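Shown next: model15.txt, given as compact mmCIF, C-alpha atoms and all ligand atoms.
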```txt
# COMPACT_ATOMS: atom_id res chain seq x y z
CA MET B 1 0.00 0.00 0.00
CA THR B 2 1.27 3.48 -0.81
CA MET B 3 2.01 5.91 1.99
CA ARG B 4 -1.01 8.12 2.70
CA LYS B 5 -0.43 11.70 3.63
CA ALA B 6 -2.41 14.41 5.40
CA GLY B 7 -1.45 17.65 7.08
CA VAL B 8 -2.42 21.02 8.39
CA MET B 9 -2.27 24.09 6.16
CA GLY B 10 -1.92 27.33 8.03
CA TRP B 11 -0.40 30.79 8.04
CA PRO B 12 1.33 30.56 10.47
CA VAL B 13 1.30 26.87 11.35
CA ALA B 14 4.33 26.30 13.58
CA HIS B 15 2.20 26.50 16.77
CA SER B 16 -0.17 23.72 15.64
CA LEU B 17 -0.47 20.66 17.88
CA SER B 18 -2.05 18.62 15.05
CA PRO B 19 1.18 16.97 13.80
CA LYS B 20 1.85 15.55 17.30
CA LEU B 21 -1.75 14.46 17.62
CA HIS B 22 -2.08 12.66 14.29
CA GLY B 23 1.50 11.38 14.56
CA TYR B 24 0.54 9.62 17.81
CA TRP B 25 -2.42 7.88 16.16
CA LEU B 26 -0.42 6.88 13.04
CA LYS B 27 2.12 5.17 15.28
CA LYS B 28 -0.48 3.66 17.62
CA TYR B 29 -2.45 2.05 14.76
CA GLY B 30 0.64 1.06 12.76
CA ILE B 31 -0.46 3.05 9.73
CA GLU B 32 2.07 3.78 7.03
CA GLY B 33 1.26 7.44 6.74
CA GLU B 34 2.49 10.93 7.40
CA TYR B 35 0.92 14.10 8.82
CA LEU B 36 2.76 17.31 7.99
CA ALA B 37 2.65 21.00 8.93
CA LEU B 38 2.31 22.99 5.70
CA GLU B 39 3.00 26.71 5.91
CA VAL B 40 0.94 28.19 3.06
CA ASN B 41 0.19 31.86 2.60
CA PRO B 42 -3.31 32.92 1.49
CA GLU B 43 -2.14 33.92 -2.03
CA GLU B 44 -0.74 30.45 -2.67
CA PHE B 45 -3.56 28.57 -0.97
CA ALA B 46 -5.74 27.63 -3.99
CA GLY B 47 -2.75 26.35 -5.98
CA LYS B 48 -1.30 24.37 -3.08
CA LEU B 49 -4.67 22.80 -2.31
CA ALA B 50 -5.14 21.78 -5.95
CA ALA B 51 -1.70 20.12 -5.97
CA LEU B 52 -2.29 17.99 -2.86
CA GLN B 53 -3.76 14.91 -4.53
CA ALA B 54 -0.91 14.57 -7.01
CA ASN B 55 1.44 14.69 -4.02
CA GLY B 56 -0.25 11.74 -2.29
CA PHE B 57 -2.45 13.65 0.17
CA ALA B 58 -5.80 12.26 1.32
CA GLY B 59 -6.77 15.63 2.81
CA VAL B 60 -5.83 18.41 5.18
CA ASN B 61 -6.84 20.37 8.25
CA LEU B 62 -7.06 24.13 7.81
CA THR B 63 -6.53 27.03 10.18
CA LEU B 64 -7.69 30.62 9.68
CA PRO B 65 -7.82 32.28 7.16
CA HIS B 66 -7.84 29.14 4.99
CA LYS B 67 -10.92 27.76 6.83
CA GLU B 68 -12.99 30.52 5.22
CA LEU B 69 -11.13 30.79 1.90
CA VAL B 70 -11.78 27.13 1.09
CA MET B 71 -15.58 27.43 1.09
CA SER B 72 -15.83 28.45 -2.58
CA MET B 73 -13.56 25.55 -3.59
CA LEU B 74 -15.67 22.77 -2.05
CA ALA B 75 -17.77 20.39 -4.17
CA ASP B 76 -19.74 19.41 -1.08
CA MET B 77 -19.73 19.89 2.68
CA ASP B 78 -21.34 18.60 5.87
CA SER B 79 -24.09 20.50 7.69
CA ASP B 80 -21.66 21.72 10.38
CA ALA B 81 -19.42 23.42 7.79
CA GLN B 82 -22.48 24.89 6.11
CA GLU B 83 -23.76 26.25 9.41
CA ALA B 84 -20.38 27.62 10.50
CA GLY B 85 -19.48 29.10 7.11
CA MET B 86 -16.03 27.54 7.39
CA ALA B 87 -14.44 24.10 7.05
CA ASN B 88 -11.51 22.93 9.20
CA THR B 89 -11.16 19.46 7.65
CA ILE B 90 -10.89 18.66 3.92
CA VAL B 91 -11.16 15.23 2.34
CA ILE B 92 -9.92 14.82 -1.24
CA ARG B 93 -12.21 12.45 -3.14
CA SER B 94 -10.94 10.04 -5.78
CA ASP B 95 -12.12 12.39 -8.57
CA GLY B 96 -9.99 15.15 -7.02
CA SER B 97 -12.93 17.19 -5.68
CA PHE B 98 -12.94 18.54 -2.13
CA TYR B 99 -15.37 17.61 0.66
CA GLY B 100 -15.39 20.01 3.62
CA MET B 101 -16.21 19.25 7.25
CA ASN B 102 -16.32 21.38 10.35
CA THR B 103 -15.50 19.18 13.32
CA ASP B 104 -15.42 21.82 16.10
CA SER B 105 -18.97 21.27 17.33
CA TYR B 106 -18.38 17.49 17.33
CA GLY B 107 -15.17 18.01 19.32
CA PHE B 108 -16.88 20.36 21.77
CA ILE B 109 -19.71 18.00 22.63
CA GLU B 110 -17.64 14.80 22.69
CA ASN B 111 -15.31 16.49 25.15
CA ILE B 112 -18.06 17.26 27.67
CA ARG B 113 -20.75 14.66 26.94
CA GLY B 114 -19.86 12.39 29.86
CA SER B 115 -19.82 15.32 32.31
CA ILE B 116 -23.12 17.09 31.51
CA PRO B 117 -25.37 17.06 34.61
CA GLN B 118 -28.64 18.01 32.86
CA LYS B 119 -29.66 19.43 29.49
CA ASN B 120 -31.74 22.42 30.52
CA LYS B 121 -29.73 25.64 30.50
CA ALA B 122 -26.32 26.31 28.93
CA VAL B 123 -24.50 29.64 29.06
CA VAL B 124 -21.94 30.29 26.31
CA LEU B 125 -19.56 33.24 26.64
CA GLY B 126 -18.51 34.60 23.25
CA ALA B 127 -20.03 34.91 19.80
CA GLY B 128 -17.20 34.04 17.40
CA GLY B 129 -16.67 30.84 15.43
CA ALA B 130 -15.94 28.74 18.52
CA ALA B 131 -19.08 29.98 20.30
CA ARG B 132 -21.19 29.20 17.23
CA ALA B 133 -19.80 25.67 17.14
CA ALA B 134 -20.54 25.23 20.86
CA CYS B 135 -24.10 26.56 20.54
CA TYR B 136 -24.76 24.37 17.49
CA ALA B 137 -23.58 21.31 19.41
CA LEU B 138 -25.61 22.19 22.52
CA ALA B 139 -28.74 22.73 20.45
CA LYS B 140 -28.25 19.40 18.64
CA GLU B 141 -27.65 17.75 22.02
CA GLY B 142 -31.12 18.88 23.12
CA PHE B 143 -30.41 21.75 25.53
CA LYS B 144 -33.68 23.58 26.15
CA HIS B 145 -32.28 27.03 26.87
CA ILE B 146 -29.07 28.40 25.37
CA VAL B 147 -27.85 31.79 26.57
CA VAL B 148 -25.21 33.62 24.54
CA VAL B 149 -23.27 36.34 26.36
CA ASN B 150 -20.92 38.57 24.42
CA ARG B 151 -19.13 41.89 24.68
CA SER B 152 -20.70 42.95 21.35
CA LEU B 153 -24.37 42.32 22.02
CA GLU B 154 -25.29 42.36 18.33
CA ARG B 155 -23.01 39.37 17.66
CA ALA B 156 -24.59 37.53 20.61
CA GLN B 157 -28.03 38.26 19.17
CA ASN B 158 -27.03 36.82 15.78
CA VAL B 159 -25.70 33.60 17.29
CA ALA B 160 -28.62 33.25 19.72
CA ALA B 161 -31.13 33.76 16.91
CA ALA B 162 -29.56 30.96 14.88
CA PHE B 163 -30.20 28.45 17.69
CA GLY B 164 -33.39 29.75 19.30
CA GLY B 165 -31.35 31.02 22.24
CA THR B 166 -31.28 34.22 24.27
CA ALA B 167 -28.68 36.98 24.00
CA VAL B 168 -27.47 38.61 27.21
CA ALA B 169 -25.31 41.71 27.63
CA TRP B 170 -21.72 41.23 28.80
CA GLU B 171 -22.39 43.33 31.95
CA ASP B 172 -25.07 40.81 33.01
CA ARG B 173 -22.87 37.73 32.64
CA ALA B 174 -22.73 36.88 36.36
CA ARG B 175 -26.48 37.03 37.06
CA THR B 176 -27.35 34.91 34.01
CA LEU B 177 -25.44 31.94 35.47
CA GLU B 178 -28.38 31.23 37.81
CA GLY B 179 -29.78 27.76 37.13
CA ALA B 180 -27.19 26.90 34.46
CA ASP B 181 -26.18 23.27 33.89
CA VAL B 182 -23.23 24.16 31.65
CA LEU B 183 -20.99 27.22 31.44
CA ALA B 184 -18.66 27.34 28.43
CA ASN B 185 -16.07 30.05 27.82
CA ALA B 186 -15.72 30.48 24.06
CA THR B 187 -14.07 33.89 24.20
CA SER B 188 -10.30 34.22 23.90
CA LEU B 189 -10.14 35.66 27.43
CA GLY B 190 -7.96 33.69 29.82
CA MET B 191 -5.57 32.60 27.09
CA THR B 192 -1.88 33.07 27.85
CA GLY B 193 -1.00 36.64 26.90
CA LYS B 194 -4.64 37.83 26.80
CA GLN B 195 -6.75 39.51 29.45
CA THR B 196 -8.26 37.37 32.21
CA LEU B 197 -11.94 36.51 32.07
CA GLU B 198 -13.55 38.42 34.93
CA ILE B 199 -16.73 36.66 36.03
CA ASP B 200 -18.33 36.19 39.44
CA LEU B 201 -19.44 32.56 39.72
CA ALA B 202 -21.61 33.08 42.83
CA TRP B 203 -24.87 32.55 40.88
CA LEU B 204 -23.68 29.34 39.21
CA PRO B 205 -25.04 26.12 40.75
CA VAL B 206 -22.26 23.94 42.19
CA SER B 207 -23.72 21.06 40.15
CA ALA B 208 -22.91 22.86 36.87
CA LEU B 209 -20.19 21.75 34.49
CA VAL B 210 -17.66 24.44 33.55
CA THR B 211 -15.62 24.09 30.38
CA ASP B 212 -13.16 26.44 28.73
CA LEU B 213 -12.36 26.27 25.02
CA VAL B 214 -9.08 28.01 25.75
CA TYR B 215 -6.45 25.32 26.39
CA ALA B 216 -3.31 27.39 26.87
CA PRO B 217 -3.00 27.36 29.83
CA LEU B 218 -4.67 24.02 30.35
CA VAL B 219 -6.28 25.09 33.61
CA THR B 220 -7.44 28.63 32.96
CA PRO B 221 -8.27 31.02 35.81
CA LEU B 222 -11.97 30.32 35.11
CA LEU B 223 -11.48 26.57 35.47
CA LYS B 224 -9.42 27.05 38.62
CA ASP B 225 -12.09 29.25 40.23
CA ALA B 226 -14.82 26.79 39.26
CA ARG B 227 -12.88 23.82 40.60
CA ASP B 228 -12.12 25.65 43.85
CA ARG B 229 -15.85 26.17 44.52
CA GLY B 230 -16.71 22.55 43.73
CA ASN B 231 -17.84 22.62 40.08
CA ARG B 232 -16.85 19.85 37.71
CA ILE B 233 -14.46 21.16 35.05
CA VAL B 234 -13.38 20.01 31.58
CA ASP B 235 -10.43 21.69 29.86
CA GLY B 236 -10.34 22.69 26.19
CA LEU B 237 -7.57 20.34 25.09
CA GLY B 238 -10.06 17.48 24.88
CA MET B 239 -12.07 19.44 22.31
CA LEU B 240 -8.98 19.78 20.14
CA LEU B 241 -8.28 16.05 20.42
CA HIS B 242 -11.87 14.96 19.71
CA GLN B 243 -12.32 17.31 16.74
CA ALA B 244 -9.44 15.51 15.02
CA VAL B 245 -11.18 12.11 15.04
CA PRO B 246 -13.40 12.45 11.92
CA GLY B 247 -10.52 13.72 9.76
CA PHE B 248 -8.15 10.95 10.76
CA GLU B 249 -10.82 8.34 10.06
CA ALA B 250 -11.61 9.81 6.63
CA TRP B 251 -7.93 9.99 5.59
CA PHE B 252 -6.47 6.85 7.12
CA GLY B 253 -9.48 4.51 7.42
CA VAL B 254 -9.29 3.91 11.19
CA ARG B 255 -11.55 5.63 13.75
CA PRO B 256 -9.03 6.64 16.43
CA VAL B 257 -9.66 6.78 20.16
CA VAL B 258 -8.96 9.80 22.35
CA ASP B 259 -7.14 8.44 25.39
CA SER B 260 -4.76 9.57 28.12
CA GLY B 261 -1.77 8.48 26.00
CA LEU B 262 -2.81 10.94 23.31
CA ARG B 263 -3.17 13.78 25.82
CA HIS B 264 0.27 12.96 27.18
CA ALA B 265 1.81 12.85 23.70
CA VAL B 266 0.29 16.20 22.71
CA LEU B 267 1.36 17.80 25.97
CA GLY B 268 4.85 16.45 25.32
CA GLY B 269 4.95 15.17 28.88
CA GLY B 270 4.49 18.71 30.20
CA MET B 271 1.95 21.50 30.34
CA ILE B 272 0.78 23.92 27.68
CA CYS B 273 1.33 27.46 28.83
P1 LIG U 301 -13.06 34.86 17.62
O1 LIG U 301 -13.99 34.55 16.49
O2 LIG U 301 -11.97 35.83 17.43
O3 LIG U 301 -13.97 35.34 18.88
C1 LIG U 301 -13.39 35.87 20.03
C2 LIG U 301 -14.46 36.08 21.09
O4 LIG U 301 -13.83 36.57 22.27
C3 LIG U 301 -15.53 37.10 20.69
O5 LIG U 301 -16.77 36.69 21.21
C4 LIG U 301 -15.02 38.37 21.38
O6 LIG U 301 -16.04 39.30 21.68
C5 LIG U 301 -14.47 37.80 22.66
N1 LIG U 301 -13.50 38.71 23.27
C6 LIG U 301 -12.24 38.97 22.82
N2 LIG U 301 -11.65 39.88 23.63
C7 LIG U 301 -12.56 40.21 24.60
C8 LIG U 301 -12.55 41.10 25.71
N3 LIG U 301 -11.47 41.85 26.03
N4 LIG U 301 -13.67 41.17 26.51
C9 LIG U 301 -14.77 40.42 26.22
N5 LIG U 301 -14.82 39.57 25.16
C10 LIG U 301 -13.74 39.47 24.37
O7 LIG U 301 -12.35 33.52 18.14
P2 LIG U 301 -12.87 32.01 18.05
O8 LIG U 301 -12.32 31.38 16.83
O9 LIG U 301 -14.33 32.00 18.28
O10 LIG U 301 -12.08 31.35 19.29
C11 LIG U 301 -12.36 31.71 20.64
C12 LIG U 301 -11.45 30.92 21.56
O11 LIG U 301 -11.75 29.52 21.46
C13 LIG U 301 -9.97 31.05 21.22
O12 LIG U 301 -9.26 31.17 22.43
C14 LIG U 301 -9.61 29.74 20.54
O13 LIG U 301 -8.27 29.36 20.75
C15 LIG U 301 -10.55 28.78 21.26
N6 LIG U 301 -10.84 27.58 20.46
C16 LIG U 301 -10.54 26.38 21.00
C17 LIG U 301 -10.81 25.23 20.29
C18 LIG U 301 -10.46 23.90 20.90
O14 LIG U 301 -10.36 22.92 20.17
N7 LIG U 301 -10.31 23.83 22.21
C19 LIG U 301 -11.41 25.30 19.03
C20 LIG U 301 -11.73 26.55 18.51
C21 LIG U 301 -11.44 27.70 19.24
P3 LIG U 301 -16.50 40.40 20.59
O15 LIG U 301 -17.44 39.69 19.65
O16 LIG U 301 -17.19 41.45 21.38
O17 LIG U 301 -15.25 40.88 19.90
```
Translate the structure described by the file into structure tokens.
Amino acid sequence: MTMRKAGVMGWPVAHSLSPKLHGYWLKKYGIEGEYLALEVNPEEFAGKLAALQANGFAGVNLTLPHKELVMSMLADMDSDAQEAGMANTIVIRSDGSFYGMNTDSYGFIENIRGSIPQKNKAVVLGAGGAARAACYALAKEGFKHIVVVNRSLERAQNVAAAFGGTAVAWEDRARTLEGADVLANATSLGMTGKQTLEIDLAWLPVSALVTDLVYAPLVTPLLKDARDRGNRIVDGLGMLLHQAVPGFEAWFGVRPVVDSGLRHAVLGGGMIC
């Protein structure tokens, strides 16, 4: 069998954890394949994508801005990519056409599914692409009430409207935690080098699950505060690991498992900070 190849196209791409992640699975399942980091600038993107099949690639992951640029080049896409308006995973079909998937909402829900106490109220902080993916997943999962809280209220209203949710102003973020089963931070606040997420958790039930999409650091100040008051927490690294599953399966023909060995391999035996 010929060596199958996949990779991540980005600009920049050096920070990507995907090569470690897919490299772990290739080794674990004894697959003769390769997963490469491909630094491709936006001007060259269309040409480089078109040349992939001839170079033995089964597909690629994409980071911004390529996730959006690719949309006009797709022959077909899944409903998640359609809903998000961007595709993070591309499969090259035998006729050379491109199939686009967005696996963020899958990754989000798989990461927390086993820790959800009840499916009544979820509060999502943020209204960017990650928040949309989280809301889409929560709505599909059957949450009755989705609250979107964002600094720019108009963006929160747009996201909330798409999922039959409620938009809440950023200033009211603490009070809206009352009765929540899930709190998800999908803003970039709390990330290393960014501002801290300031939120008073007093209104949040202790039974609620708190998850942060930010995974650098692994335990964000939000997760630490939540854990200290007794809430169950799930970090954002699991979302990154789970969202990689559908792509790996499509390219290499094996549905991989997210396990502690994978986490360890991606963390490189240490912490992300
Ligand atoms: P994005 O589209 O740029 O959205 C950023 C969000 O953060 C917006 O809602 C923005 O509010 C809010 N925000 C930024 N600075 C703020 C501030 N000072 N005060 C209040 N709100 C602020 O980014 P994204 O793609 O959705 O990603 C969001 C985060 O999720 C990033 O940290 C990303 O790394 C993470 N993520 C993780 C995974 C994973 O696998 N774990 C996957 C995807 C994304 P405004 O709308 O008001 O600007």
Step by step, gather every atom of ligand LIG 301 (chain U) that the file lists, find the box along x, y and z that holds them, add 6 Å on each side, and finally give centre and edge lengths in Å to one decimal, as lines of an AutoDock Vina configuration file.
```
center_x = -12.9
center_y = 32.4
center_z = 21.5
size_x = 21.2
size_y = 30.9
size_z = 22.0
```
Distance filter 8 Å around ligand LIG 301 (chain U), atoms: only C-alpha atoms and all ligand atoms, out as an mmCIF file with C-alpha atoms, in the frame of the given file:
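Below is the file result-v4.cif, written as the result:
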```
data_model
loop_
_atom_site.group_PDB
_atom_site.id
_atom_site.type_symbol
_atom_site.label_atom_id
_atom_site.label_comp_id
_atom_site.auth_asym_id
_atom_site.auth_seq_id
_atom_site.Cartn_x
_atom_site.Cartn_y
_atom_site.Cartn_z
ATOM 1 C CA ASP B 104 -15.420 21.820 16.100
ATOM 2 C CA GLY B 107 -15.170 18.010 19.320
ATOM 3 C CA PHE B 108 -16.880 20.360 21.770
ATOM 4 C CA LEU B 125 -19.560 33.240 26.640
ATOM 5 C CA GLY B 126 -18.510 34.600 23.250
ATOM 6 C CA ALA B 127 -20.030 34.910 19.800
ATOM 7 C CA GLY B 128 -17.200 34.040 17.400
ATOM 8 C CA GLY B 129 -16.670 30.840 15.430
ATOM 9 C CA ALA B 130 -15.940 28.740 18.520
ATOM 10 C CA ALA B 131 -19.080 29.980 20.300
ATOM 11 C CA ARG B 132 -21.190 29.200 17.230
ATOM 12 C CA ASN B 150 -20.920 38.570 24.420
ATOM 13 C CA ARG B 151 -19.130 41.890 24.680
ATOM 14 C CA SER B 152 -20.700 42.950 21.350
ATOM 15 C CA LEU B 153 -24.370 42.320 22.020
ATOM 16 C CA ARG B 155 -23.010 39.370 17.660
ATOM 17 C CA ALA B 156 -24.590 37.530 20.610
ATOM 18 C CA TRP B 170 -21.720 41.230 28.800
ATOM 19 C CA ASN B 185 -16.070 30.050 27.820
ATOM 20 C CA ALA B 186 -15.720 30.480 24.060
ATOM 21 C CA THR B 187 -14.070 33.890 24.200
ATOM 22 C CA SER B 188 -10.300 34.220 23.900
ATOM 23 C CA LEU B 189 -10.140 35.660 27.430
ATOM 24 C CA GLY B 190 -7.960 33.690 29.820
ATOM 25 C CA MET B 191 -5.570 32.600 27.090
ATOM 26 C CA LYS B 194 -4.640 37.830 26.800
ATOM 27 C CA GLN B 195 -6.750 39.510 29.450
ATOM 28 C CA LEU B 197 -11.940 36.510 32.070
ATOM 29 C CA ASP B 212 -13.160 26.440 28.730
ATOM 30 C CA LEU B 213 -12.360 26.270 25.020
ATOM 31 C CA VAL B 214 -9.080 28.010 25.750
ATOM 32 C CA TYR B 215 -6.450 25.320 26.390
ATOM 33 C CA ASP B 235 -10.430 21.690 29.860
ATOM 34 C CA GLY B 236 -10.340 22.690 26.190
ATOM 35 C CA LEU B 237 -7.570 20.340 25.090
ATOM 36 C CA GLY B 238 -10.060 17.480 24.880
ATOM 37 C CA MET B 239 -12.070 19.440 22.310
ATOM 38 C CA LEU B 240 -8.980 19.780 20.140
ATOM 39 C CA LEU B 241 -8.280 16.050 20.420
ATOM 40 C CA GLN B 243 -12.320 17.310 16.740
#
```
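Picture a line from atom CA of B:Ala50 to atom CA of B:Gly253; it runs 22.3 Å.
Residue nearest B:Met77, chosen from B:Pro205, B:Thr103, B:Ile31, B:Leu38 and counting all atoms listed in the file: B:Thr103.
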Item checked: Non-local contacts of B:Ala180 (9 Å; all atoms listed in the file; under 3 positions in same chain excluded) as a PyMOL selection string -> chain B and resi 120-123+176-177+183+203-205+207-209
Checklist line | Protein/DNA/RNA residues near (-20.0, 20.9, 2.4), cut 10 Å, all atoms listed in the file, as a VMD selection string | finding: chain B and resid 71 to 83 85 to 87 90 98 to 102
Note to self: Distance cut-off 10 Å, centre (-20.2, 21.7, 22.0) in file coordinates, counting only C-alpha atoms: which residues qualify? Return them as a ChimeraX atom specification.
What the structure shows: /B:104-113,124,130-141,184,211,213,239
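Across the structure, atom CA of B:Gly47 and atom CA of B:Tyr35 are spaced 19.6 Å apart.
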Check: Which of these residues is nearest to B:Gly179, using all atoms listed in the file: B:Ala265, B:Leu223, B:Ala202, B:Ala51?
Finding: B:Ala202
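Across the model, the gap from atom CA of B:Val234 to atom CA of B:Leu21 is 19.0 Å.
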Margin query: Ranking B:Ala250, B:Ala174, B:Leu69, B:Leu64 by minimum distance to B:Glu43 and counting all atoms listed in the file, which one comes first?
Written below: B:Leu69
Item checked: Closest of B:Phe143, B:Ala160, B:Val245, B:Gly59 to B:Val182 - atom-to-atom distances counting only C-alpha atoms -> B:Phe143
Fewer than 5 positions away in the same chain doesn't count, so skip those; otherwise give me all residues within 9 Å of B:Tyr29, counting only C-alpha atoms, as a PDB file with C-alpha atoms, keeping the file's coordinate frame.
```pdb
ATOM      1  CA  TYR B  24       0.540   9.620  17.810  1.00  0.00           C
ATOM      2  CA  VAL B 254      -9.290   3.910  11.190  1.00  0.00           C
ATOM      3  CA  PRO B 256      -9.030   6.640  16.430  1.00  0.00           C
TER       4      PRO B 256
END
```
Next item on the list: Can you pull out every residue within 9 Å of B:Gln53, counting all atoms listed in the file, but drop anything in the same chain fewer than 2 positions away, and send it as a count of residues only?
Entry: 12
Would you fill out stretch 93-101 of chain B with all heavy atoms and return it as a PDB file, keeping the file's coordinate frame?
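Result went into rebuild_12.pdb, see below:
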```pdb
ATOM      1  N   ARG B  93     -11.556  13.641  -2.592  1.00  0.00           N
ATOM      2  CA  ARG B  93     -12.210  12.450  -3.140  1.00  0.00           C
ATOM      3  C   ARG B  93     -11.399  11.909  -4.317  1.00  0.00           C
ATOM      4  O   ARG B  93     -10.529  12.606  -4.854  1.00  0.00           O
ATOM      5  CB  ARG B  93     -13.622  12.808  -3.600  1.00  0.00           C
ATOM      6  CG  ARG B  93     -14.546  13.155  -2.430  1.00  0.00           C
ATOM      7  CD  ARG B  93     -15.684  13.958  -2.947  1.00  0.00           C
ATOM      8  NE  ARG B  93     -16.878  13.881  -2.114  1.00  0.00           N
ATOM      9  CZ  ARG B  93     -17.958  14.600  -2.323  1.00  0.00           C
ATOM     10  NH1 ARG B  93     -18.012  15.445  -3.344  1.00  0.00           N
ATOM     11  NH2 ARG B  93     -19.003  14.497  -1.540  1.00  0.00           N
ATOM     12  N   SER B  94     -11.738  10.680  -4.733  1.00  0.00           N
ATOM     13  CA  SER B  94     -10.940  10.040  -5.780  1.00  0.00           C
ATOM     14  C   SER B  94     -10.970  10.832  -7.097  1.00  0.00           C
ATOM     15  O   SER B  94     -10.011  10.802  -7.878  1.00  0.00           O
ATOM     16  CB  SER B  94     -11.404   8.600  -6.014  1.00  0.00           C
ATOM     17  OG  SER B  94     -12.796   8.591  -6.144  1.00  0.00           O
ATOM     18  N   ASP B  95     -12.068  11.584  -7.338  1.00  0.00           N
ATOM     19  CA  ASP B  95     -12.120  12.390  -8.570  1.00  0.00           C
ATOM     20  C   ASP B  95     -11.401  13.731  -8.403  1.00  0.00           C
ATOM     21  O   ASP B  95     -11.434  14.589  -9.300  1.00  0.00           O
ATOM     22  CB  ASP B  95     -13.580  12.608  -9.010  1.00  0.00           C
ATOM     23  CG  ASP B  95     -14.365  13.458  -8.010  1.00  0.00           C
ATOM     24  OD1 ASP B  95     -13.791  13.860  -6.973  1.00  0.00           O
ATOM     25  OD2 ASP B  95     -15.556  13.731  -8.271  1.00  0.00           O
ATOM     26  N   GLY B  96     -10.762  13.932  -7.246  1.00  0.00           N
ATOM     27  CA  GLY B  96      -9.990  15.150  -7.020  1.00  0.00           C
ATOM     28  C   GLY B  96     -10.798  16.293  -6.413  1.00  0.00           C
ATOM     29  O   GLY B  96     -10.237  17.338  -6.078  1.00  0.00           O
ATOM     30  N   SER B  97     -12.121  16.110  -6.260  1.00  0.00           N
ATOM     31  CA  SER B  97     -12.930  17.190  -5.680  1.00  0.00           C
ATOM     32  C   SER B  97     -12.775  17.213  -4.159  1.00  0.00           C
ATOM     33  O   SER B  97     -12.334  16.229  -3.548  1.00  0.00           O
ATOM     34  CB  SER B  97     -14.396  17.038  -6.085  1.00  0.00           C
ATOM     35  OG  SER B  97     -14.944  15.878  -5.510  1.00  0.00           O
ATOM     36  N   PHE B  98     -13.154  18.343  -3.572  1.00  0.00           N
ATOM     37  CA  PHE B  98     -12.940  18.540  -2.130  1.00  0.00           C
ATOM     38  C   PHE B  98     -14.252  18.459  -1.349  1.00  0.00           C
ATOM     39  O   PHE B  98     -15.238  19.123  -1.705  1.00  0.00           O
ATOM     40  CB  PHE B  98     -12.303  19.911  -1.864  1.00  0.00           C
ATOM     41  CG  PHE B  98     -10.988  20.100  -2.555  1.00  0.00           C
ATOM     42  CD1 PHE B  98     -10.798  21.141  -3.456  1.00  0.00           C
ATOM     43  CD2 PHE B  98      -9.929  19.243  -2.288  1.00  0.00           C
ATOM     44  CE1 PHE B  98      -9.589  21.312  -4.093  1.00  0.00           C
ATOM     45  CE2 PHE B  98      -8.705  19.408  -2.918  1.00  0.00           C
ATOM     46  CZ  PHE B  98      -8.531  20.445  -3.831  1.00  0.00           C
ATOM     47  N   TYR B  99     -14.235  17.681  -0.255  1.00  0.00           N
ATOM     48  CA  TYR B  99     -15.370  17.610   0.660  1.00  0.00           C
ATOM     49  C   TYR B  99     -14.948  18.287   1.964  1.00  0.00           C
ATOM     50  O   TYR B  99     -13.892  17.972   2.522  1.00  0.00           O
ATOM     51  CB  TYR B  99     -15.744  16.140   0.929  1.00  0.00           C
ATOM     52  CG  TYR B  99     -16.898  15.977   1.890  1.00  0.00           C
ATOM     53  CD1 TYR B  99     -18.200  16.311   1.501  1.00  0.00           C
ATOM     54  CD2 TYR B  99     -16.703  15.517   3.180  1.00  0.00           C
ATOM     55  CE1 TYR B  99     -19.263  16.190   2.387  1.00  0.00           C
ATOM     56  CE2 TYR B  99     -17.767  15.391   4.073  1.00  0.00           C
ATOM     57  CZ  TYR B  99     -19.038  15.726   3.662  1.00  0.00           C
ATOM     58  OH  TYR B  99     -20.094  15.611   4.541  1.00  0.00           O
ATOM     59  N   GLY B 100     -15.749  19.246   2.430  1.00  0.00           N
ATOM     60  CA  GLY B 100     -15.390  20.010   3.620  1.00  0.00           C
ATOM     61  C   GLY B 100     -16.200  19.601   4.844  1.00  0.00           C
ATOM     62  O   GLY B 100     -17.403  19.357   4.747  1.00  0.00           O
ATOM     63  N   MET B 101     -15.519  19.537   5.983  1.00  0.00           N
ATOM     64  CA  MET B 101     -16.210  19.250   7.250  1.00  0.00           C
ATOM     65  C   MET B 101     -15.804  20.306   8.271  1.00  0.00           C
ATOM     66  O   MET B 101     -14.695  20.844   8.202  1.00  0.00           O
ATOM     67  CB  MET B 101     -15.787  17.875   7.802  1.00  0.00           C
ATOM     68  CG  MET B 101     -16.035  16.717   6.873  1.00  0.00           C
ATOM     69  SD  MET B 101     -15.805  15.130   7.718  1.00  0.00           S
ATOM     70  CE  MET B 101     -14.050  14.926   7.673  1.00  0.00           C
TER      71      MET B 101
END
```
